[in-house]
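This is structure-v2.cif. It holds mmCIF, C-alpha atoms and all ligand atoms.
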```cif
data_structure
#
loop_
_atom_site.label_atom_id
_atom_site.label_comp_id
_atom_site.auth_asym_id
_atom_site.auth_seq_id
_atom_site.Cartn_x
_atom_site.Cartn_y
_atom_site.Cartn_z
CA MET M 106 53.67 126.24 -78.14
CA ARG M 107 54.83 123.98 -80.97
CA ARG M 108 58.49 124.23 -81.92
CA ILE M 109 59.06 123.94 -85.64
CA VAL M 110 62.54 123.65 -87.15
CA CYS M 111 62.76 124.30 -90.89
CA LEU M 112 65.82 123.31 -92.93
CA GLN M 113 66.10 124.82 -96.37
CA GLY M 114 68.04 122.37 -98.51
CA SER M 115 68.16 124.39 -101.73
CA PRO M 116 71.10 126.64 -102.58
CA ARG M 117 68.51 129.14 -103.91
CA PRO M 118 67.33 131.21 -100.92
CA MET M 119 64.37 132.57 -102.90
CA GLY M 120 63.73 129.36 -104.80
CA ASN M 121 60.62 127.25 -105.13
CA SER M 122 61.14 124.93 -102.17
CA ALA M 123 62.19 127.83 -99.93
CA SER M 124 59.08 129.79 -100.98
CA MET M 125 56.83 126.83 -100.18
CA ALA M 126 58.53 126.37 -96.81
CA SER M 127 58.26 130.10 -96.07
CA ALA M 128 54.51 130.12 -96.77
CA LEU M 129 54.13 127.11 -94.47
CA CYS M 130 56.28 128.64 -91.71
CA GLU M 131 54.62 132.06 -91.87
CA ALA M 132 51.20 130.46 -91.47
CA ALA M 133 52.51 128.36 -88.57
CA THR M 134 53.94 131.45 -86.90
CA GLY M 135 50.57 133.13 -87.32
CA GLU M 136 49.03 130.29 -85.30
CA GLY M 137 51.54 130.78 -82.49
CA ALA M 138 54.24 128.26 -83.39
CA GLN M 139 57.88 129.03 -82.70
CA VAL M 140 59.72 128.60 -85.99
CA THR M 141 63.50 128.39 -86.38
CA THR M 142 64.84 128.27 -89.94
CA PHE M 143 68.32 127.22 -91.07
CA ALA M 144 69.53 127.75 -94.65
CA LEU M 145 71.83 124.75 -94.95
CA ASN M 146 73.73 126.17 -97.91
CA SER M 147 75.02 129.04 -95.78
CA LEU M 148 76.55 126.67 -93.22
CA GLU M 149 79.88 124.84 -93.33
CA TYR M 150 79.72 121.19 -92.41
CA ARG M 151 80.69 117.68 -93.35
CA GLY M 152 78.63 114.58 -93.87
CA CYS M 153 78.76 111.66 -91.45
CA GLN M 154 82.34 110.36 -91.11
CA GLY M 155 81.24 106.84 -90.15
CA CYS M 156 83.45 106.98 -87.04
CA LEU M 157 80.67 105.34 -84.98
CA LEU M 158 81.76 107.31 -81.91
CA CYS M 159 78.05 108.15 -81.44
CA LYS M 160 77.50 104.40 -81.01
CA THR M 161 80.53 103.59 -78.85
CA ARG M 162 81.74 106.43 -76.60
CA PHE M 163 79.35 109.37 -77.00
CA GLU M 164 75.62 110.09 -77.08
CA ALA M 165 75.85 112.68 -79.86
CA CYS M 166 77.77 113.47 -83.03
CA VAL M 167 81.37 114.39 -82.20
CA LEU M 168 81.79 116.64 -85.24
CA LYS M 169 81.65 120.30 -84.24
CA ASP M 170 80.66 122.39 -87.23
CA GLY M 171 77.75 124.29 -88.76
CA LEU M 172 75.36 121.38 -88.23
CA THR M 173 75.97 121.17 -84.47
CA PRO M 174 73.33 123.81 -83.55
CA VAL M 175 71.00 122.42 -86.23
CA LEU M 176 71.10 118.92 -84.74
CA GLU M 177 70.56 120.40 -81.28
CA ALA M 178 67.50 122.34 -82.48
CA VAL M 179 66.09 119.22 -84.15
CA ARG M 180 66.57 117.29 -80.89
CA HIS M 181 64.14 119.68 -79.18
CA CYS M 182 61.63 120.31 -81.98
CA ASP M 183 58.07 119.04 -82.34
CA VAL M 184 58.02 119.38 -86.12
CA LEU M 185 60.91 119.16 -88.58
CA VAL M 186 60.36 120.70 -92.01
CA LEU M 187 62.82 119.52 -94.68
CA ALA M 188 62.57 121.63 -97.83
CA THR M 189 64.44 120.54 -100.94
CA PRO M 190 64.38 120.59 -104.72
CA VAL M 191 64.76 117.30 -106.54
CA TYR M 192 68.34 116.99 -107.76
CA PHE M 193 69.00 113.94 -109.94
CA GLY M 194 66.04 112.15 -108.40
CA GLU M 195 67.15 112.87 -104.82
CA VAL M 196 67.27 115.52 -102.14
CA THR M 197 70.13 118.02 -102.47
CA ALA M 198 73.59 117.13 -101.24
CA GLN M 199 73.20 119.81 -98.58
CA LEU M 200 70.14 118.09 -97.13
CA LYS M 201 71.50 114.56 -97.55
CA ALA M 202 74.58 115.44 -95.51
CA PHE M 203 72.31 116.65 -92.70
CA ILE M 204 70.21 113.47 -92.92
CA ASP M 205 73.33 111.30 -92.65
CA ARG M 206 74.37 113.19 -89.52
CA THR M 207 71.03 112.30 -87.86
CA TYR M 208 72.54 108.81 -87.59
CA SER M 209 73.85 110.16 -84.27
CA PHE M 210 70.25 110.15 -82.97
CA LEU M 211 70.06 106.36 -83.28
CA THR M 212 71.00 104.25 -80.26
CA PRO M 213 73.77 101.62 -80.44
CA ASP M 214 71.01 98.98 -80.38
CA TYR M 215 68.89 100.49 -83.13
CA ALA M 216 69.29 97.54 -85.47
CA PHE M 217 68.29 94.92 -82.88
CA ASN M 218 65.74 96.55 -80.60
CA LYS M 219 63.02 98.41 -82.43
CA ASP M 220 61.58 99.70 -79.15
CA LYS M 221 64.83 101.49 -78.33
CA ARG M 222 65.94 102.86 -81.65
CA THR M 223 66.11 106.56 -80.97
CA ARG M 224 67.66 108.99 -78.53
CA LEU M 225 64.96 111.53 -79.40
CA ALA M 226 61.67 112.00 -77.62
CA PRO M 227 58.86 110.22 -79.46
CA GLY M 228 55.92 111.86 -81.21
CA LYS M 229 57.68 114.27 -83.53
CA THR M 230 56.35 115.09 -86.99
CA LEU M 231 58.36 115.16 -90.21
CA CYS M 232 57.18 117.45 -92.98
CA PHE M 233 58.84 117.16 -96.39
CA VAL M 234 58.58 120.07 -98.84
CA ILE M 235 59.65 119.07 -102.34
CA ALA M 236 59.95 121.09 -105.56
CA GLN M 237 60.64 119.29 -108.82
CA GLY M 238 61.00 120.49 -112.37
CA HIS M 239 59.52 117.44 -114.03
CA PRO M 240 55.73 117.53 -114.43
CA ARG M 241 55.16 113.80 -113.88
CA GLU M 242 54.00 113.08 -110.34
CA ASP M 243 54.98 109.43 -110.56
CA LEU M 244 58.63 110.40 -111.03
CA PHE M 245 60.68 110.86 -107.86
CA ALA M 246 57.65 110.00 -105.72
CA ASP M 247 59.89 107.57 -103.84
CA ILE M 248 61.84 110.30 -102.05
CA PHE M 249 59.25 111.07 -99.38
CA PRO M 250 58.34 107.52 -98.28
CA ARG M 251 61.98 106.46 -98.25
CA TYR M 252 62.98 109.17 -95.78
CA ALA M 253 59.73 108.97 -93.78
CA TYR M 254 60.66 105.32 -93.16
CA PHE M 255 63.99 106.19 -91.59
CA PHE M 256 62.75 109.25 -89.72
CA ASN M 257 60.13 107.04 -88.10
CA TRP M 258 63.06 105.16 -86.54
CA LEU M 259 64.24 108.49 -85.13
CA GLY M 260 60.90 109.16 -83.43
CA PHE M 261 59.06 111.03 -86.16
CA SER M 262 55.85 109.05 -85.86
CA HIS M 263 53.91 111.21 -88.32
CA SER M 264 54.95 112.49 -91.69
CA ARG M 265 53.44 114.99 -94.08
CA LEU M 266 54.27 115.97 -97.65
CA LEU M 267 53.92 119.18 -99.60
CA ARG M 268 55.07 118.70 -103.17
CA ALA M 269 55.03 120.80 -106.32
CA CYS M 270 55.81 119.31 -109.73
CA LYS M 271 56.48 121.35 -112.88
CA VAL M 272 58.26 124.15 -111.05
CA TYR M 273 61.65 124.89 -112.53
CA HIS M 274 62.60 128.55 -112.72
CA LEU M 275 62.91 130.94 -109.82
CA GLY M 276 59.43 132.26 -109.07
CA ASP M 277 57.53 129.41 -110.74
CA VAL M 278 55.82 128.37 -107.52
CA GLN M 279 54.68 131.94 -106.84
CA LYS M 280 52.30 131.49 -109.79
CA ARG M 281 50.82 128.35 -108.19
CA GLU M 282 48.41 129.78 -105.65
CA GLU M 283 46.96 126.31 -104.93
CA VAL M 284 50.39 125.09 -103.80
CA LEU M 285 50.95 128.12 -101.58
CA GLU M 286 47.48 127.75 -100.08
CA GLU M 287 48.18 124.08 -99.35
CA ALA M 288 51.45 125.20 -97.70
CA ARG M 289 49.61 127.69 -95.47
CA ALA M 290 46.95 125.16 -94.50
CA LEU M 291 49.64 122.63 -93.63
CA GLY M 292 51.52 125.24 -91.59
CA ARG M 293 48.39 126.06 -89.60
CA SER M 294 47.64 122.40 -88.95
CA LEU M 295 51.22 121.67 -87.83
CA ALA M 296 51.15 124.69 -85.52
CA ILE M 297 48.12 123.44 -83.64
CA GLY M 298 49.35 119.86 -83.48
CA ALA M 299 46.80 118.35 -85.85
CA ASP M 300 49.62 116.24 -87.24
CA SER M 301 47.77 113.01 -87.67
CA ALA M 302 44.87 114.63 -89.51
CA GLY M 303 45.44 113.94 -93.17
CA GLY M 304 48.96 112.71 -92.50
CA ARG M 305 50.27 109.23 -92.84
CA PRO M 306 51.09 107.01 -89.91
CA GLY M 307 54.70 106.27 -89.18
CA LEU M 308 56.41 103.87 -91.51
CA GLY M 309 59.29 101.57 -90.87
CA ASN M 310 59.11 98.94 -88.23
C1 LIG T 401 71.56 120.04 -110.25
C2 LIG T 401 70.09 119.97 -110.59
C3 LIG T 401 69.49 118.73 -110.71
C4 LIG T 401 68.12 118.63 -110.97
N1 LIG T 401 67.56 117.40 -111.06
C5 LIG T 401 66.22 117.30 -111.25
C6 LIG T 401 65.59 116.02 -111.31
O1 LIG T 401 66.23 114.97 -111.19
N2 LIG T 401 64.26 115.97 -111.51
C7 LIG T 401 63.50 117.12 -111.65
O2 LIG T 401 62.27 117.00 -111.81
N3 LIG T 401 64.05 118.34 -111.57
C8 LIG T 401 65.40 118.46 -111.38
N4 LIG T 401 65.97 119.70 -111.29
C9 LIG T 401 65.11 120.89 -111.32
C10 LIG T 401 64.76 121.38 -109.92
O3 LIG T 401 64.20 120.34 -109.14
C11 LIG T 401 63.76 122.54 -109.98
O4 LIG T 401 64.35 123.61 -110.71
C12 LIG T 401 63.29 123.01 -108.64
O5 LIG T 401 62.18 123.86 -108.80
C13 LIG T 401 64.38 123.79 -107.91
O6 LIG T 401 63.93 124.09 -106.61
P1 LIG T 401 64.51 125.37 -105.82
O7 LIG T 401 64.03 126.59 -106.56
O8 LIG T 401 63.93 125.24 -104.46
O9 LIG T 401 65.99 125.28 -105.82
C14 LIG T 401 67.34 119.83 -111.08
C15 LIG T 401 67.97 121.07 -110.98
C16 LIG T 401 69.31 121.15 -110.74
C17 LIG T 401 69.99 122.51 -110.62
#
```

Go through the file and emit its structure as structure tokens.
Ligand SMILES: Cc1cc2nc3c(=O)[nH]c(=O)nc-3n(C[C@H](O)[C@H](O)[C@H](O)COP(=O)(O)O)c2cc1C
Amino acid sequence: MRRIVCLQGSPRPMGNSASMASALCEAATGEGAQVTTFALNSLEYRGCQGCLLCKTRFEACVLKDGLTPVLEAVRHCDVLVLATPVYFGEVTAQLKAFIDRTYSFLTPDYAFNKDKRTRLAPGKTLCFVIAQGHPREDLFADIFPRYAYFFNWLGFSHSRLLRACKVYHLGDVQKREEVLEEARALGRSLAIGADSAGGRPGLGN
């Protein structure tokens, strides 16, 4: 059974990115996947403190807060779904703080030995779910490849993208049946482990 962890990075629990992620996760559950969802905005946590204790004395992040169980779930997942709106050309602050904390998954040697970069088991899949208000697809297209590059270092050897442009108000994506259908198809494919089909190979060597 495939273990999928979904992080909702929007402060809007019924928003566009959360709706896309929900459609994906429901379809994955229907195919037998075990899905665990965390709404980041409901948790209390800090970003990485740069203490480097995860590189010197400990194997994991020493901060104990709302992200501790999230990081532990990600450690054991097969697929990580990161759902976010575009905020000022980026992921939300809630999601970025989580991403910075995944620094604790990198080994002390990550910069020098590309064969021993991660403390995570290899072969995981990253799935980005992005909602943006602007209709132009060429704008903010850099978000996904930038993070896929770094997550490849962490052991996410495949990455997938579900993206909706021109969704702004609450409920906008509910009127975009083609986006929701793409979400369901992606959820089914992730649930059965067809991660490389239609995906992109890992980036970032
Ligand atoms: C603080 C803030 C910043 C935003 N910045 C952008 C942006 O840079 N580009 C864009 O296309 N849309 C931007 N938007 C619009 C959101 O991306 C859009 O409303 C999206 O559908 C929200 O997703 P959600 O419903 O999952 O929260 C911004 C919205 C907010 C509230």

Check: Which of these, M:Glu287, M:Asp205, M:Glu136, M:Glu195, has the shortest distance to ligand LIG 401 (chain T) once you count only C-alpha atoms and all ligand atoms?
Finding: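 Answer, going by the shortest atom-to-atom distance: M:Glu195.
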
Note to self: Need the shell around range 173-175 of chain M: protein/DNA/RNA residues with any atom at most 9 Å away, counting all atoms listed in the file. Skip same-chain ones fewer than 2 positions apart. Format as a PyMOL selection string?
What the structure shows: chain M and resi 110+112+143+150+166-171+177-180+203

Please extract the residues at most 8 Å from ligand LIG 401 (chain T), counting only C-alpha atoms and all ligand atoms, and provide them as a PDB file with C-alpha atoms, keeping the file's coordinate frame, using the chain letters and residue numbers of this document.
```pdb
ATOM      1  CA  GLY M 114      68.040 122.370 -98.510  1.00  0.00           C
ATOM      2  CA  SER M 115      68.160 124.390-101.730  1.00  0.00           C
ATOM      3  CA  PRO M 116      71.100 126.640-102.580  1.00  0.00           C
ATOM      4  CA  ARG M 117      68.510 129.140-103.910  1.00  0.00           C
ATOM      5  CA  PRO M 118      67.330 131.210-100.920  1.00  0.00           C
ATOM      6  CA  MET M 119      64.370 132.570-102.900  1.00  0.00           C
ATOM      7  CA  GLY M 120      63.730 129.360-104.800  1.00  0.00           C
ATOM      8  CA  ASN M 121      60.620 127.250-105.130  1.00  0.00           C
ATOM      9  CA  SER M 122      61.140 124.930-102.170  1.00  0.00           C
ATOM     10  CA  ALA M 123      62.190 127.830 -99.930  1.00  0.00           C
ATOM     11  CA  SER M 124      59.080 129.790-100.980  1.00  0.00           C
ATOM     12  CA  ALA M 188      62.570 121.630 -97.830  1.00  0.00           C
ATOM     13  CA  THR M 189      64.440 120.540-100.940  1.00  0.00           C
ATOM     14  CA  PRO M 190      64.380 120.590-104.720  1.00  0.00           C
ATOM     15  CA  VAL M 191      64.760 117.300-106.540  1.00  0.00           C
ATOM     16  CA  TYR M 192      68.340 116.990-107.760  1.00  0.00           C
ATOM     17  CA  PHE M 193      69.000 113.940-109.940  1.00  0.00           C
ATOM     18  CA  GLY M 194      66.040 112.150-108.400  1.00  0.00           C
ATOM     19  CA  GLU M 195      67.150 112.870-104.820  1.00  0.00           C
ATOM     20  CA  ILE M 235      59.650 119.070-102.340  1.00  0.00           C
ATOM     21  CA  ALA M 236      59.950 121.090-105.560  1.00  0.00           C
ATOM     22  CA  GLN M 237      60.640 119.290-108.820  1.00  0.00           C
ATOM     23  CA  GLY M 238      61.000 120.490-112.370  1.00  0.00           C
ATOM     24  CA  HIS M 239      59.520 117.440-114.030  1.00  0.00           C
ATOM     25  CA  PRO M 240      55.730 117.530-114.430  1.00  0.00           C
ATOM     26  CA  LEU M 244      58.630 110.400-111.030  1.00  0.00           C
ATOM     27  CA  PHE M 245      60.680 110.860-107.860  1.00  0.00           C
ATOM     28  CA  CYS M 270      55.810 119.310-109.730  1.00  0.00           C
ATOM     29  CA  LYS M 271      56.480 121.350-112.880  1.00  0.00           C
ATOM     30  CA  VAL M 272      58.260 124.150-111.050  1.00  0.00           C
ATOM     31  CA  TYR M 273      61.650 124.890-112.530  1.00  0.00           C
ATOM     32  CA  HIS M 274      62.600 128.550-112.720  1.00  0.00           C
ATOM     33  CA  LEU M 275      62.910 130.940-109.820  1.00  0.00           C
ATOM     34  CA  GLY M 276      59.430 132.260-109.070  1.00  0.00           C
ATOM     35  CA  ASP M 277      57.530 129.410-110.740  1.00  0.00           C
ATOM     36  CA  VAL M 278      55.820 128.370-107.520  1.00  0.00           C
TER      37      VAL M 278
END
```

Next item on the list: Would you work out the distance separating CA of Glu286 in chain M from CA of Phe233 in chain M, expressed in Å to one decimal?
Entry: 16.0 Å

List every protein, DNA or RNA residue that has an atom no more than 10 Å from (56.3, 126.9, -77.6) in the file's coordinate frame, counting only C-alpha atoms, and report them as a PDB file with C-alpha atoms, in the coordinates of the input.
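And here is the file that came out, point24.pdb:
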```pdb
ATOM      1  CA  MET M 106      53.670 126.240 -78.140  1.00  0.00           C
ATOM      2  CA  ARG M 107      54.830 123.980 -80.970  1.00  0.00           C
ATOM      3  CA  ARG M 108      58.490 124.230 -81.920  1.00  0.00           C
ATOM      4  CA  ILE M 109      59.060 123.940 -85.640  1.00  0.00           C
ATOM      5  CA  GLY M 137      51.540 130.780 -82.490  1.00  0.00           C
ATOM      6  CA  ALA M 138      54.240 128.260 -83.390  1.00  0.00           C
ATOM      7  CA  GLN M 139      57.880 129.030 -82.700  1.00  0.00           C
ATOM      8  CA  VAL M 140      59.720 128.600 -85.990  1.00  0.00           C
ATOM      9  CA  CYS M 182      61.630 120.310 -81.980  1.00  0.00           C
ATOM     10  CA  ASP M 183      58.070 119.040 -82.340  1.00  0.00           C
ATOM     11  CA  ALA M 296      51.150 124.690 -85.520  1.00  0.00           C
TER      12      ALA M 296
END
```

Margin query: For a quick check of your reading of the model, name the residues lying within 6 Å of the coordinate (72.6, 122.2, -94.1), counting all atoms listed in the file, and write them as a list of chain:residue names.
Written below: M:Leu145, M:Asn146, M:Gln199, M:Leu200, M:Phe203

Check: Interatomic distance between CA of Lys219 in chain M and CA of Val196 in chain M?
Finding: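 Computed distance, CA of Lys219 in chain M to CA of Val196 in chain M, equals 26.4 Å.
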
Next item on the list: Please identify all polymer residues within 6 Å of Cys111 in chain M, counting all atoms listed in the file, omitting same-chain residues fewer than 6 positions from it, and present them as a ChimeraX atom specification.
Entry: /M:142,185-186

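Distances to Ile297 in chain M were evaluated for M:Ser262, M:Thr134, M:Ser127, M:Thr161 using only C-alpha atoms, and the minimum falls at M:Thr134.
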
Note to self: Rounded to one decimal, what separation in Å do you get between CA of Gln154 in chain M and CA of Ile204 in chain M?
What the structure shows: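 Spanning CA of Gln154 in chain M to CA of Ile204 in chain M is a straight-line distance of 12.7 Å.
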
Next item on the list: Go through M:Phe163, M:Pro227, M:Glu131, M:Asp220 one by one, measure the shortest atom-to-atom distance of each to Ala288 in chain M using all atoms listed in the file, and give the residue with the smallest value.
Entry: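 Ranked by minimum distance to Ala288 in chain M, first place goes to M:Glu131.
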
Which centre and which edge lengths, in Å to one decimal, describe the axis-aligned box that holds all listed atoms of range 166-184 of chain M after 8 Å is added on each side, as lines of an AutoDock Vina configuration file?
```
center_x = 69.9
center_y = 118.9
center_z = -84.0
size_x = 39.8
size_y = 26.8
size_z = 25.6
```

Next item on the list: Just the residues within 9 Å of Leu291 in chain M, please, counting all atoms listed in the file, with nothing from its chain fewer than 5 positions along; format it as a PyMOL selection string.
Entry: chain M and resi 129+132-133+265+267+286+296

Notebook entry, point to check: Of the candidates M:Gln279, M:Ser264, M:Ser147, M:Thr141, which shows the shortest atom-to-atom distance to Lys229 in chain M, using all atoms listed in the file?
Noted result: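 Closest to Lys229 in chain M of all the choices is M:Ser264.
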
Give me the residues within 12 Å of range 255-258 of chain M as a PDB file with C-alpha atoms, in the frame of the given file, counting all atoms listed in the file and dropping any in the same chain fewer than 2 places off.
```pdb
ATOM      1  CA  VAL M 179      66.090 119.220 -84.150  1.00  0.00           C
ATOM      2  CA  VAL M 184      58.020 119.380 -86.120  1.00  0.00           C
ATOM      3  CA  LEU M 185      60.910 119.160 -88.580  1.00  0.00           C
ATOM      4  CA  VAL M 186      60.360 120.700 -92.010  1.00  0.00           C
ATOM      5  CA  LEU M 187      62.820 119.520 -94.680  1.00  0.00           C
ATOM      6  CA  ILE M 204      70.210 113.470 -92.920  1.00  0.00           C
ATOM      7  CA  ASP M 205      73.330 111.300 -92.650  1.00  0.00           C
ATOM      8  CA  THR M 207      71.030 112.300 -87.860  1.00  0.00           C
ATOM      9  CA  TYR M 208      72.540 108.810 -87.590  1.00  0.00           C
ATOM     10  CA  PHE M 210      70.250 110.150 -82.970  1.00  0.00           C
ATOM     11  CA  LEU M 211      70.060 106.360 -83.280  1.00  0.00           C
ATOM     12  CA  THR M 212      71.000 104.250 -80.260  1.00  0.00           C
ATOM     13  CA  ASP M 214      71.010  98.980 -80.380  1.00  0.00           C
ATOM     14  CA  TYR M 215      68.890 100.490 -83.130  1.00  0.00           C
ATOM     15  CA  ALA M 216      69.290  97.540 -85.470  1.00  0.00           C
ATOM     16  CA  ASN M 218      65.740  96.550 -80.600  1.00  0.00           C
ATOM     17  CA  LYS M 219      63.020  98.410 -82.430  1.00  0.00           C
ATOM     18  CA  ASP M 220      61.580  99.700 -79.150  1.00  0.00           C
ATOM     19  CA  LYS M 221      64.830 101.490 -78.330  1.00  0.00           C
ATOM     20  CA  ARG M 222      65.940 102.860 -81.650  1.00  0.00           C
ATOM     21  CA  THR M 223      66.110 106.560 -80.970  1.00  0.00           C
ATOM     22  CA  ARG M 224      67.660 108.990 -78.530  1.00  0.00           C
ATOM     23  CA  LEU M 225      64.960 111.530 -79.400  1.00  0.00           C
ATOM     24  CA  ALA M 226      61.670 112.000 -77.620  1.00  0.00           C
ATOM     25  CA  PRO M 227      58.860 110.220 -79.460  1.00  0.00           C
ATOM     26  CA  GLY M 228      55.920 111.860 -81.210  1.00  0.00           C
ATOM     27  CA  LYS M 229      57.680 114.270 -83.530  1.00  0.00           C
ATOM     28  CA  THR M 230      56.350 115.090 -86.990  1.00  0.00           C
ATOM     29  CA  LEU M 231      58.360 115.160 -90.210  1.00  0.00           C
ATOM     30  CA  CYS M 232      57.180 117.450 -92.980  1.00  0.00           C
ATOM     31  CA  PHE M 233      58.840 117.160 -96.390  1.00  0.00           C
ATOM     32  CA  ILE M 248      61.840 110.300-102.050  1.00  0.00           C
ATOM     33  CA  PHE M 249      59.250 111.070 -99.380  1.00  0.00           C
ATOM     34  CA  PRO M 250      58.340 107.520 -98.280  1.00  0.00           C
ATOM     35  CA  ARG M 251      61.980 106.460 -98.250  1.00  0.00           C
ATOM     36  CA  TYR M 252      62.980 109.170 -95.780  1.00  0.00           C
ATOM     37  CA  ALA M 253      59.730 108.970 -93.780  1.00  0.00           C
ATOM     38  CA  GLY M 260      60.900 109.160 -83.430  1.00  0.00           C
ATOM     39  CA  PHE M 261      59.060 111.030 -86.160  1.00  0.00           C
ATOM     40  CA  SER M 262      55.850 109.050 -85.860  1.00  0.00           C
ATOM     41  CA  HIS M 263      53.910 111.210 -88.320  1.00  0.00           C
ATOM     42  CA  SER M 264      54.950 112.490 -91.690  1.00  0.00           C
ATOM     43  CA  ARG M 265      53.440 114.990 -94.080  1.00  0.00           C
ATOM     44  CA  ARG M 305      50.270 109.230 -92.840  1.00  0.00           C
ATOM     45  CA  PRO M 306      51.090 107.010 -89.910  1.00  0.00           C
ATOM     46  CA  GLY M 307      54.700 106.270 -89.180  1.00  0.00           C
ATOM     47  CA  LEU M 308      56.410 103.870 -91.510  1.00  0.00           C
ATOM     48  CA  GLY M 309      59.290 101.570 -90.870  1.00  0.00           C
ATOM     49  CA  ASN M 310      59.110  98.940 -88.230  1.00  0.00           C
TER      50      ASN M 310
END
```

Next item on the list: Would you please work out which residue, of M:Ala290, M:Leu172, M:Ala299, M:Val234, is nearest to Cys153 in chain M when using only C-alpha atoms?
Entry: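 Among the listed residues, the smallest separation from Cys153 in chain M belongs to M:Leu172.
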
Item checked: For Ala269 in chain M, the nearest of the candidates M:Glu164, M:Leu158, M:Leu176, M:Arg241, counting all atoms listed in the file ->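 Of all the options, M:Arg241 lies closest to Ala269 in chain M.
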